[in-house]
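Everything below belongs to upload.pdb, which stores PDB, N, CA and C atoms, pLDDT in the B column.
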```
ATOM      1  N   MET E  18     108.288 -66.537 -12.555  1.00 45.00           N
ATOM      2  CA  MET E  18     108.283 -65.197 -11.983  1.00 45.00           C
ATOM      3  C   MET E  18     107.898 -64.197 -13.072  1.00 45.00           C
ATOM      4  N   GLU E  19     107.034 -63.253 -12.728  1.00 46.00           N
ATOM      5  CA  GLU E  19     106.574 -62.263 -13.690  1.00 46.00           C
ATOM      6  C   GLU E  19     107.627 -61.183 -13.895  1.00 46.00           C
ATOM      7  N   THR E  20     107.694 -60.694 -15.121  1.00 48.00           N
ATOM      8  CA  THR E  20     108.588 -59.577 -15.385  1.00 48.00           C
ATOM      9  C   THR E  20     107.908 -58.292 -14.939  1.00 48.00           C
ATOM     10  N   ASN E  21     108.665 -57.226 -14.926  1.00 48.00           N
ATOM     11  CA  ASN E  21     108.142 -55.933 -14.496  1.00 48.00           C
ATOM     12  C   ASN E  21     106.970 -55.485 -15.367  1.00 48.00           C
ATOM     13  N   SER E  22     107.070 -55.671 -16.684  1.00 50.00           N
ATOM     14  CA  SER E  22     105.993 -55.249 -17.577  1.00 50.00           C
ATOM     15  C   SER E  22     104.740 -56.097 -17.387  1.00 50.00           C
ATOM     16  N   GLU E  23     104.901 -57.384 -17.077  1.00 55.00           N
ATOM     17  CA  GLU E  23     103.741 -58.236 -16.818  1.00 55.00           C
ATOM     18  C   GLU E  23     103.029 -57.806 -15.544  1.00 55.00           C
ATOM     19  N   GLN E  24     103.790 -57.394 -14.542  1.00 48.00           N
ATOM     20  CA  GLN E  24     103.192 -56.908 -13.307  1.00 48.00           C
ATOM     21  C   GLN E  24     102.411 -55.623 -13.560  1.00 48.00           C
ATOM     22  N   LEU E  25     102.976 -54.730 -14.353  1.00 46.00           N
ATOM     23  CA  LEU E  25     102.289 -53.472 -14.658  1.00 46.00           C
ATOM     24  C   LEU E  25     101.054 -53.702 -15.512  1.00 46.00           C
ATOM     25  N   GLN E  26     101.106 -54.656 -16.432  1.00 52.00           N
ATOM     26  CA  GLN E  26      99.964 -54.952 -17.281  1.00 52.00           C
ATOM     27  C   GLN E  26      98.776 -55.443 -16.457  1.00 52.00           C
ATOM     28  N   ALA E  27      99.052 -56.093 -15.359  1.00 53.00           N
ATOM     29  CA  ALA E  27      97.986 -56.599 -14.505  1.00 53.00           C
ATOM     30  C   ALA E  27      97.162 -55.462 -13.907  1.00 53.00           C
ATOM     31  N   PHE E  28      97.744 -54.273 -13.791  1.00 49.00           N
ATOM     32  CA  PHE E  28      97.025 -53.129 -13.238  1.00 49.00           C
ATOM     33  C   PHE E  28      96.127 -52.447 -14.259  1.00 49.00           C
ATOM     34  N   GLY E  29      96.283 -52.756 -15.514  1.00 52.00           N
ATOM     35  CA  GLY E  29      95.417 -52.189 -16.534  1.00 52.00           C
ATOM     36  C   GLY E  29      96.195 -51.515 -17.638  1.00 52.00           C
ATOM     37  N   PRO E  30      95.537 -51.287 -18.771  1.00 50.00           N
ATOM     38  CA  PRO E  30      96.210 -50.722 -19.933  1.00 50.00           C
ATOM     39  C   PRO E  30      96.692 -49.296 -19.724  1.00 50.00           C
ATOM     40  N   GLU E  31      95.970 -48.501 -18.923  1.00 48.00           N
ATOM     41  CA  GLU E  31      96.375 -47.108 -18.733  1.00 48.00           C
ATOM     42  C   GLU E  31      97.739 -47.013 -18.080  1.00 48.00           C
ATOM     43  N   LEU E  32      97.960 -47.845 -17.058  1.00 45.00           N
ATOM     44  CA  LEU E  32      99.225 -47.813 -16.355  1.00 45.00           C
ATOM     45  C   LEU E  32     100.334 -48.398 -17.208  1.00 45.00           C
ATOM     46  N   PHE E  33     100.057 -49.507 -17.887  1.00 46.00           N
ATOM     47  CA  PHE E  33     101.100 -50.172 -18.665  1.00 46.00           C
ATOM     48  C   PHE E  33     101.577 -49.321 -19.826  1.00 46.00           C
ATOM     49  N   CYS E  34     100.659 -48.699 -20.549  1.00 46.00           N
ATOM     50  CA  CYS E  34     101.061 -47.982 -21.755  1.00 46.00           C
ATOM     51  C   CYS E  34     101.811 -46.703 -21.426  1.00 46.00           C
ATOM     52  N   CYS E  35     101.714 -46.223 -20.214  1.00 45.00           N
ATOM     53  CA  CYS E  35     102.358 -44.967 -19.850  1.00 45.00           C
ATOM     54  C   CYS E  35     103.622 -45.169 -19.031  1.00 45.00           C
ATOM     55  N   TRP E  36     103.975 -46.414 -18.765  1.00 47.00           N
ATOM     56  CA  TRP E  36     105.069 -46.695 -17.858  1.00 47.00           C
ATOM     57  C   TRP E  36     106.414 -46.321 -18.452  1.00 47.00           C
ATOM     58  N   LYS E  37     106.647 -46.661 -19.709  1.00 45.00           N
ATOM     59  CA  LYS E  37     107.950 -46.427 -20.321  1.00 45.00           C
ATOM     60  C   LYS E  37     108.080 -44.978 -20.792  1.00 45.00           C
ATOM     61  N   GLY E  38     109.259 -44.576 -21.112  1.00 46.00           N
ATOM     62  CA  GLY E  38     109.479 -43.272 -21.716  1.00 46.00           C
ATOM     63  C   GLY E  38     109.486 -42.150 -20.693  1.00 46.00           C
ATOM     64  N   ALA E  39     108.596 -41.203 -20.867  1.00 45.00           N
ATOM     65  CA  ALA E  39     108.611 -39.976 -20.070  1.00 45.00           C
ATOM     66  C   ALA E  39     107.975 -40.138 -18.695  1.00 45.00           C
ATOM     67  N   GLY E  40     107.523 -41.303 -18.353  1.00 57.00           N
ATOM     68  CA  GLY E  40     106.915 -41.505 -17.048  1.00 57.00           C
ATOM     69  C   GLY E  40     105.410 -41.664 -17.165  1.00 57.00           C
ATOM     70  N   PHE E  41     104.744 -41.541 -16.036  1.00 79.00           N
ATOM     71  CA  PHE E  41     103.298 -41.732 -16.012  1.00 79.00           C
ATOM     72  C   PHE E  41     102.591 -40.507 -16.573  1.00 79.00           C
ATOM     73  N   MET E  42     101.472 -40.732 -17.228  1.00 85.00           N
ATOM     74  CA  MET E  42     100.703 -39.597 -17.748  1.00 85.00           C
ATOM     75  C   MET E  42      99.550 -39.306 -16.800  1.00 85.00           C
ATOM     76  N   ASP E  43      99.185 -38.042 -16.729  1.00 89.00           N
ATOM     77  CA  ASP E  43      98.089 -37.664 -15.847  1.00 89.00           C
ATOM     78  C   ASP E  43      96.790 -37.531 -16.642  1.00 89.00           C
ATOM     79  N   ASP E  44      95.707 -37.243 -15.951  1.00 91.00           N
ATOM     80  CA  ASP E  44      94.403 -37.158 -16.599  1.00 91.00           C
ATOM     81  C   ASP E  44      94.345 -36.046 -17.638  1.00 91.00           C
ATOM     82  N   CYS E  45      95.021 -34.957 -17.380  1.00 93.00           N
ATOM     83  CA  CYS E  45      95.040 -33.848 -18.332  1.00 93.00           C
ATOM     84  C   CYS E  45      95.680 -34.288 -19.653  1.00 93.00           C
ATOM     85  N   GLN E  46      96.783 -35.014 -19.570  1.00 94.00           N
ATOM     86  CA  GLN E  46      97.446 -35.500 -20.774  1.00 94.00           C
ATOM     87  C   GLN E  46      96.564 -36.502 -21.508  1.00 94.00           C
ATOM     88  N   ARG E  47      95.844 -37.340 -20.777  1.00 94.00           N
ATOM     89  CA  ARG E  47      94.932 -38.298 -21.416  1.00 94.00           C
ATOM     90  C   ARG E  47      93.840 -37.573 -22.194  1.00 94.00           C
ATOM     91  N   ARG E  48      93.259 -36.553 -21.572  1.00 93.00           N
ATOM     92  CA  ARG E  48      92.213 -35.783 -22.262  1.00 93.00           C
ATOM     93  C   ARG E  48      92.770 -35.076 -23.486  1.00 93.00           C
ATOM     94  N   GLN E  49      94.005 -34.542 -23.363  1.00 94.00           N
ATOM     95  CA  GLN E  49      94.647 -33.887 -24.504  1.00 94.00           C
ATOM     96  C   GLN E  49      94.836 -34.868 -25.652  1.00 94.00           C
ATOM     97  N   ILE E  50      95.314 -36.054 -25.351  1.00 95.00           N
ATOM     98  CA  ILE E  50      95.546 -37.063 -26.384  1.00 95.00           C
ATOM     99  C   ILE E  50      94.238 -37.388 -27.092  1.00 95.00           C
ATOM    100  N   GLU E  51      93.182 -37.644 -26.332  1.00 94.00           N
ATOM    101  CA  GLU E  51      91.897 -38.002 -26.940  1.00 94.00           C
ATOM    102  C   GLU E  51      91.349 -36.865 -27.800  1.00 94.00           C
ATOM    103  N   THR E  52      91.404 -35.643 -27.291  1.00 93.00           N
ATOM    104  CA  THR E  52      90.896 -34.496 -28.037  1.00 93.00           C
ATOM    105  C   THR E  52      91.679 -34.272 -29.326  1.00 93.00           C
ATOM    106  N   MET E  53      92.993 -34.277 -29.220  1.00 94.00           N
ATOM    107  CA  MET E  53      93.832 -34.023 -30.388  1.00 94.00           C
ATOM    108  C   MET E  53      93.703 -35.154 -31.409  1.00 94.00           C
ATOM    109  N   ARG E  54      93.625 -36.376 -30.933  1.00 93.00           N
ATOM    110  CA  ARG E  54      93.536 -37.517 -31.844  1.00 93.00           C
ATOM    111  C   ARG E  54      92.217 -37.514 -32.605  1.00 93.00           C
ATOM    112  N   LYS E  55      91.137 -37.126 -31.919  1.00 92.00           N
ATOM    113  CA  LYS E  55      89.832 -37.058 -32.577  1.00 92.00           C
ATOM    114  C   LYS E  55      89.775 -35.942 -33.614  1.00 92.00           C
ATOM    115  N   LYS E  56      90.717 -34.988 -33.525  1.00 92.00           N
ATOM    116  CA  LYS E  56      90.830 -33.928 -34.533  1.00 92.00           C
ATOM    117  C   LYS E  56      91.728 -34.349 -35.694  1.00 92.00           C
ATOM    118  N   GLY E  57      92.339 -35.532 -35.577  1.00 92.00           N
ATOM    119  CA  GLY E  57      93.174 -36.048 -36.660  1.00 92.00           C
ATOM    120  C   GLY E  57      94.646 -35.726 -36.533  1.00 92.00           C
ATOM    121  N   ILE E  58      95.087 -35.264 -35.389  1.00 93.00           N
ATOM    122  CA  ILE E  58      96.486 -34.901 -35.182  1.00 93.00           C
ATOM    123  C   ILE E  58      97.311 -36.165 -34.967  1.00 93.00           C
ATOM    124  N   GLY E  59      98.526 -36.180 -35.496  1.00 93.00           N
ATOM    125  CA  GLY E  59      99.389 -37.359 -35.450  1.00 93.00           C
ATOM    126  C   GLY E  59     100.073 -37.569 -34.110  1.00 93.00           C
ATOM    127  N   TYR E  60     100.652 -38.753 -33.964  1.00 94.00           N
ATOM    128  CA  TYR E  60     101.292 -39.150 -32.717  1.00 94.00           C
ATOM    129  C   TYR E  60     102.446 -38.225 -32.323  1.00 94.00           C
ATOM    130  N   LYS E  61     103.300 -37.862 -33.289  1.00 94.00           N
ATOM    131  CA  LYS E  61     104.467 -37.025 -32.974  1.00 94.00           C
ATOM    132  C   LYS E  61     104.058 -35.657 -32.467  1.00 94.00           C
ATOM    133  N   ALA E  62     103.077 -35.053 -33.117  1.00 95.00           N
ATOM    134  CA  ALA E  62     102.620 -33.730 -32.702  1.00 95.00           C
ATOM    135  C   ALA E  62     101.987 -33.780 -31.312  1.00 95.00           C
ATOM    136  N   ILE E  63     101.226 -34.823 -31.048  1.00 95.00           N
ATOM    137  CA  ILE E  63     100.612 -34.983 -29.728  1.00 95.00           C
ATOM    138  C   ILE E  63     101.692 -35.193 -28.676  1.00 95.00           C
ATOM    139  N   ALA E  64     102.697 -36.002 -29.007  1.00 94.00           N
ATOM    140  CA  ALA E  64     103.791 -36.263 -28.066  1.00 94.00           C
ATOM    141  C   ALA E  64     104.539 -34.978 -27.721  1.00 94.00           C
ATOM    142  N   ARG E  65     104.797 -34.131 -28.714  1.00 94.00           N
ATOM    143  CA  ARG E  65     105.473 -32.863 -28.451  1.00 94.00           C
ATOM    144  C   ARG E  65     104.633 -31.972 -27.540  1.00 94.00           C
ATOM    145  N   GLU E  66     103.350 -31.905 -27.802  1.00 93.00           N
ATOM    146  CA  GLU E  66     102.448 -31.047 -27.035  1.00 93.00           C
ATOM    147  C   GLU E  66     102.289 -31.525 -25.585  1.00 93.00           C
ATOM    148  N   THR E  67     102.210 -32.823 -25.384  1.00 93.00           N
ATOM    149  CA  THR E  67     101.965 -33.379 -24.048  1.00 93.00           C
ATOM    150  C   THR E  67     103.244 -33.703 -23.287  1.00 93.00           C
ATOM    151  N   LYS E  68     104.396 -33.563 -23.939  1.00 92.00           N
ATOM    152  CA  LYS E  68     105.697 -33.868 -23.334  1.00 92.00           C
ATOM    153  C   LYS E  68     105.812 -35.349 -22.956  1.00 92.00           C
ATOM    154  N   LEU E  69     105.223 -36.214 -23.779  1.00 94.00           N
ATOM    155  CA  LEU E  69     105.320 -37.660 -23.605  1.00 94.00           C
ATOM    156  C   LEU E  69     106.077 -38.238 -24.790  1.00 94.00           C
ATOM    157  N   SER E  70     106.460 -39.488 -24.692  1.00 93.00           N
ATOM    158  CA  SER E  70     107.111 -40.132 -25.833  1.00 93.00           C
ATOM    159  C   SER E  70     106.050 -40.492 -26.881  1.00 93.00           C
ATOM    160  N   ARG E  71     106.491 -40.583 -28.128  1.00 94.00           N
ATOM    161  CA  ARG E  71     105.575 -40.946 -29.206  1.00 94.00           C
ATOM    162  C   ARG E  71     104.980 -42.329 -28.962  1.00 94.00           C
ATOM    163  N   ASP E  72     105.796 -43.236 -28.452  1.00 93.00           N
ATOM    164  CA  ASP E  72     105.308 -44.589 -28.195  1.00 93.00           C
ATOM    165  C   ASP E  72     104.251 -44.618 -27.092  1.00 93.00           C
ATOM    166  N   SER E  73     104.388 -43.775 -26.074  1.00 93.00           N
ATOM    167  CA  SER E  73     103.359 -43.707 -25.030  1.00 93.00           C
ATOM    168  C   SER E  73     102.031 -43.235 -25.613  1.00 93.00           C
ATOM    169  N   VAL E  74     102.106 -42.237 -26.472  1.00 94.00           N
ATOM    170  CA  VAL E  74     100.895 -41.720 -27.115  1.00 94.00           C
ATOM    171  C   VAL E  74     100.289 -42.788 -28.017  1.00 94.00           C
ATOM    172  N   ARG E  75     101.129 -43.432 -28.811  1.00 94.00           N
ATOM    173  CA  ARG E  75     100.656 -44.466 -29.725  1.00 94.00           C
ATOM    174  C   ARG E  75     100.020 -45.625 -28.968  1.00 94.00           C
ATOM    175  N   ASN E  76     100.659 -46.072 -27.900  1.00 94.00           N
ATOM    176  CA  ASN E  76     100.113 -47.175 -27.106  1.00 94.00           C
ATOM    177  C   ASN E  76      98.796 -46.790 -26.444  1.00 94.00           C
ATOM    178  N   TYR E  77      98.724 -45.580 -25.932  1.00 94.00           N
ATOM    179  CA  TYR E  77      97.468 -45.128 -25.323  1.00 94.00           C
ATOM    180  C   TYR E  77      96.354 -45.129 -26.367  1.00 94.00           C
ATOM    181  N   CYS E  78      96.652 -44.633 -27.549  1.00 94.00           N
ATOM    182  CA  CYS E  78      95.657 -44.596 -28.629  1.00 94.00           C
ATOM    183  C   CYS E  78      95.246 -46.009 -29.043  1.00 94.00           C
ATOM    184  N   ARG E  79      96.193 -46.897 -29.091  1.00 94.00           N
ATOM    185  CA  ARG E  79      95.878 -48.274 -29.469  1.00 94.00           C
ATOM    186  C   ARG E  79      94.949 -48.917 -28.441  1.00 94.00           C
ATOM    187  N   TRP E  80      95.205 -48.712 -27.151  1.00 93.00           N
ATOM    188  CA  TRP E  80      94.379 -49.286 -26.100  1.00 93.00           C
ATOM    189  C   TRP E  80      92.978 -48.690 -26.078  1.00 93.00           C
ATOM    190  N   HIS E  81      92.834 -47.451 -26.550  1.00 91.00           N
ATOM    191  CA  HIS E  81      91.546 -46.754 -26.490  1.00 91.00           C
ATOM    192  C   HIS E  81      90.903 -46.602 -27.867  1.00 91.00           C
ATOM    193  N   HIS E  82      91.316 -47.431 -28.812  1.00 90.00           N
ATOM    194  CA  HIS E  82      90.736 -47.496 -30.155  1.00 90.00           C
ATOM    195  C   HIS E  82      90.780 -46.152 -30.879  1.00 90.00           C
ATOM    196  N   LEU E  83      91.910 -45.453 -30.751  1.00 91.00           N
ATOM    197  CA  LEU E  83      92.131 -44.199 -31.451  1.00 91.00           C
ATOM    198  C   LEU E  83      93.309 -44.325 -32.410  1.00 91.00           C
ATOM    199  N   ASN E  84      93.679 -45.559 -32.746  1.00 88.00           N
ATOM    200  CA  ASN E  84      94.846 -45.774 -33.592  1.00 88.00           C
ATOM    201  C   ASN E  84      94.454 -45.755 -35.059  1.00 88.00           C
ATOM    202  N   GLY E  85      95.461 -45.641 -35.903  1.00 87.00           N
ATOM    203  CA  GLY E  85      95.246 -45.580 -37.344  1.00 87.00           C
ATOM    204  C   GLY E  85      95.675 -44.217 -37.870  1.00 87.00           C
ATOM    205  N   TYR E  86      95.371 -43.976 -39.127  1.00 86.00           N
ATOM    206  CA  TYR E  86      95.703 -42.689 -39.723  1.00 86.00           C
ATOM    207  C   TYR E  86      94.851 -41.602 -39.089  1.00 86.00           C
ATOM    208  N   GLY E  87      95.472 -40.453 -38.855  1.00 85.00           N
ATOM    209  CA  GLY E  87      94.776 -39.358 -38.178  1.00 85.00           C
ATOM    210  C   GLY E  87      93.498 -38.938 -38.872  1.00 85.00           C
ATOM    211  N   ALA E  88      93.533 -38.854 -40.196  1.00 85.00           N
ATOM    212  CA  ALA E  88      92.349 -38.442 -40.946  1.00 85.00           C
ATOM    213  C   ALA E  88      91.208 -39.449 -40.790  1.00 85.00           C
ATOM    214  N   ALA E  89      91.544 -40.726 -40.745  1.00 87.00           N
ATOM    215  CA  ALA E  89      90.526 -41.763 -40.584  1.00 87.00           C
ATOM    216  C   ALA E  89      89.900 -41.704 -39.195  1.00 87.00           C
ATOM    217  N   VAL E  90      90.719 -41.442 -38.180  1.00 86.00           N
ATOM    218  CA  VAL E  90      90.201 -41.327 -36.812  1.00 86.00           C
ATOM    219  C   VAL E  90      89.285 -40.114 -36.714  1.00 86.00           C
ATOM    220  N   ALA E  91      89.709 -38.993 -37.283  1.00 86.00           N
ATOM    221  CA  ALA E  91      88.895 -37.774 -37.246  1.00 86.00           C
ATOM    222  C   ALA E  91      87.574 -37.985 -37.975  1.00 86.00           C
ATOM    223  N   ALA E  92      87.615 -38.671 -39.106  1.00 87.00           N
ATOM    224  CA  ALA E  92      86.385 -38.931 -39.862  1.00 87.00           C
ATOM    225  C   ALA E  92      85.445 -39.841 -39.083  1.00 87.00           C
ATOM    226  N   ALA E  93      85.989 -40.839 -38.416  1.00 86.00           N
ATOM    227  CA  ALA E  93      85.158 -41.767 -37.640  1.00 86.00           C
ATOM    228  C   ALA E  93      84.461 -41.053 -36.493  1.00 86.00           C
ATOM    229  N   PHE E  94      85.165 -40.170 -35.821  1.00 83.00           N
ATOM    230  CA  PHE E  94      84.557 -39.467 -34.704  1.00 83.00           C
ATOM    231  C   PHE E  94      83.718 -38.283 -35.163  1.00 83.00           C
ATOM    232  N   GLY E  95      83.942 -37.804 -36.356  1.00 80.00           N
ATOM    233  CA  GLY E  95      83.129 -36.716 -36.899  1.00 80.00           C
ATOM    234  C   GLY E  95      81.723 -37.195 -37.220  1.00 80.00           C
ATOM    235  N   LYS E  96      81.582 -38.471 -37.565  1.00 68.00           N
ATOM    236  CA  LYS E  96      80.280 -39.049 -37.884  1.00 68.00           C
ATOM    237  C   LYS E  96      79.446 -39.297 -36.643  1.00 68.00           C
ATOM    238  N   GLU E  97      80.096 -39.333 -35.477  1.00 58.00           N
ATOM    239  CA  GLU E  97      79.391 -39.655 -34.241  1.00 58.00           C
ATOM    240  C   GLU E  97      78.838 -38.432 -33.532  1.00 58.00           C
ATOM    241  N   THR E  98      78.742 -37.300 -34.209  1.00 51.00           N
ATOM    242  CA  THR E  98      78.199 -36.117 -33.567  1.00 51.00           C
ATOM    243  C   THR E  98      76.732 -36.318 -33.259  1.00 51.00           C
ATOM    244  N   VAL E  99      76.301 -35.784 -32.172  1.00 49.00           N
ATOM    245  CA  VAL E  99      74.921 -35.940 -31.734  1.00 49.00           C
ATOM    246  C   VAL E  99      74.125 -34.742 -32.219  1.00 49.00           C
ATOM    247  N   HIS E 100      73.012 -35.013 -32.875  1.00 51.00           N
ATOM    248  CA  HIS E 100      72.137 -33.962 -33.356  1.00 51.00           C
ATOM    249  C   HIS E 100      70.942 -33.869 -32.439  1.00 51.00           C
ATOM    250  N   GLU E 101      70.685 -32.676 -31.982  1.00 55.00           N
ATOM    251  CA  GLU E 101      69.573 -32.470 -31.049  1.00 55.00           C
ATOM    252  C   GLU E 101      68.299 -32.209 -31.822  1.00 55.00           C
ATOM    253  N   ASP E 102      67.230 -32.911 -31.472  1.00 57.00           N
ATOM    254  CA  ASP E 102      65.931 -32.676 -32.105  1.00 57.00           C
ATOM    255  C   ASP E 102      65.298 -31.431 -31.495  1.00 57.00           C
ATOM    256  N   ILE E 103      64.718 -30.645 -32.369  1.00 58.00           N
ATOM    257  CA  ILE E 103      64.066 -29.400 -31.900  1.00 58.00           C
ATOM    258  C   ILE E 103      62.579 -29.585 -31.901  1.00 58.00           C
TER     259      ILE E 103
END
```
Would you mind writing the file out in structure tokens?
Amino acid sequence: METNSEQLQAFGPELFCCWKGAGFMDDCQRRQIETMRKKGIGYKAIARETKLSRDSVRNYCRWHHLNGYGAAVAAAFGKETVHEDI
């Protein structure tokens, strides 16, 4: 018999990583996490701003390849800026 977390994992990483703690996260919170993380902001600060648990933020970042030190994440996404040819 599957446990509750195994059942939730079957629905996908977005649902599983947001299940514990403060409840489910909405699309606005997901966009906030991605934006703030790409700026190099840490898990605790993002959790306070989005009213989610630190672990929910950390798990979401891990599933979406935004984990690691904030400065390293910001540097990685800073290099991916698109330059328009004139």
Check your understanding: What lies within 8 Å of E:Ile63 using all atoms listed in the file, ignoring chain neighbours under 6 positions off, as a ChimeraX atom specification?
Key -> /E:49-50,53-54,69-71,74
Exercise for review: Show which residues sit within 8 Å of E:Leu83, as an NGL selection string. Count all atoms listed in the file, and ignore same-chain residues fewer than 4 positions away.
Suggested key: :E and (51 or 54-55 or 75 or 77-79 or 87 or 90)
Selection export as a PDB file, keeping the file's coordinate frame, atoms kept: N, CA and C atoms:
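Heads up, here's the output in again38.pdb:
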```
ATOM      1  N   GLU E  51      93.182 -37.644 -26.332  1.00 94.00           N
ATOM      2  CA  GLU E  51      91.897 -38.002 -26.940  1.00 94.00           C
ATOM      3  C   GLU E  51      91.349 -36.865 -27.800  1.00 94.00           C
ATOM      4  N   ARG E  54      93.625 -36.376 -30.933  1.00 93.00           N
ATOM      5  CA  ARG E  54      93.536 -37.517 -31.844  1.00 93.00           C
ATOM      6  C   ARG E  54      92.217 -37.514 -32.605  1.00 93.00           C
ATOM      7  N   LYS E  55      91.137 -37.126 -31.919  1.00 92.00           N
ATOM      8  CA  LYS E  55      89.832 -37.058 -32.577  1.00 92.00           C
ATOM      9  C   LYS E  55      89.775 -35.942 -33.614  1.00 92.00           C
ATOM     10  N   ARG E  75     101.129 -43.432 -28.811  1.00 94.00           N
ATOM     11  CA  ARG E  75     100.656 -44.466 -29.725  1.00 94.00           C
ATOM     12  C   ARG E  75     100.020 -45.625 -28.968  1.00 94.00           C
ATOM     13  N   TYR E  77      98.724 -45.580 -25.932  1.00 94.00           N
ATOM     14  CA  TYR E  77      97.468 -45.128 -25.323  1.00 94.00           C
ATOM     15  C   TYR E  77      96.354 -45.129 -26.367  1.00 94.00           C
ATOM     16  N   CYS E  78      96.652 -44.633 -27.549  1.00 94.00           N
ATOM     17  CA  CYS E  78      95.657 -44.596 -28.629  1.00 94.00           C
ATOM     18  C   CYS E  78      95.246 -46.009 -29.043  1.00 94.00           C
ATOM     19  N   ARG E  79      96.193 -46.897 -29.091  1.00 94.00           N
ATOM     20  CA  ARG E  79      95.878 -48.274 -29.469  1.00 94.00           C
ATOM     21  C   ARG E  79      94.949 -48.917 -28.441  1.00 94.00           C
ATOM     22  N   GLY E  87      95.472 -40.453 -38.855  1.00 85.00           N
ATOM     23  CA  GLY E  87      94.776 -39.358 -38.178  1.00 85.00           C
ATOM     24  C   GLY E  87      93.498 -38.938 -38.872  1.00 85.00           C
ATOM     25  N   VAL E  90      90.719 -41.442 -38.180  1.00 86.00           N
ATOM     26  CA  VAL E  90      90.201 -41.327 -36.812  1.00 86.00           C
ATOM     27  C   VAL E  90      89.285 -40.114 -36.714  1.00 86.00           C
TER      28      VAL E  90
END
```
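We find atom CA of E:Asn76 and atom CA of E:Ala64 to be spaced 11.6 Å apart.
For the residues E:Lys61, E:Asp72, E:Cys45, E:Lys56, ranking by smallest atom-to-atom distance to E:Ala88 using only C-alpha atoms places E:Lys56 first.
A straight-line distance of 26.0 Å separates atom C of E:Ala93 from atom CA of E:Lys68.
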Review point. How many Å separate atom CA of E:Asp44 from atom CA of E:Ala89?
Key: 24.7 Å
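Closest approach to E:Gln46 among E:Glu66, E:Tyr86, E:Ala91, E:Trp80: E:Glu66, based on only N, CA and C atoms.
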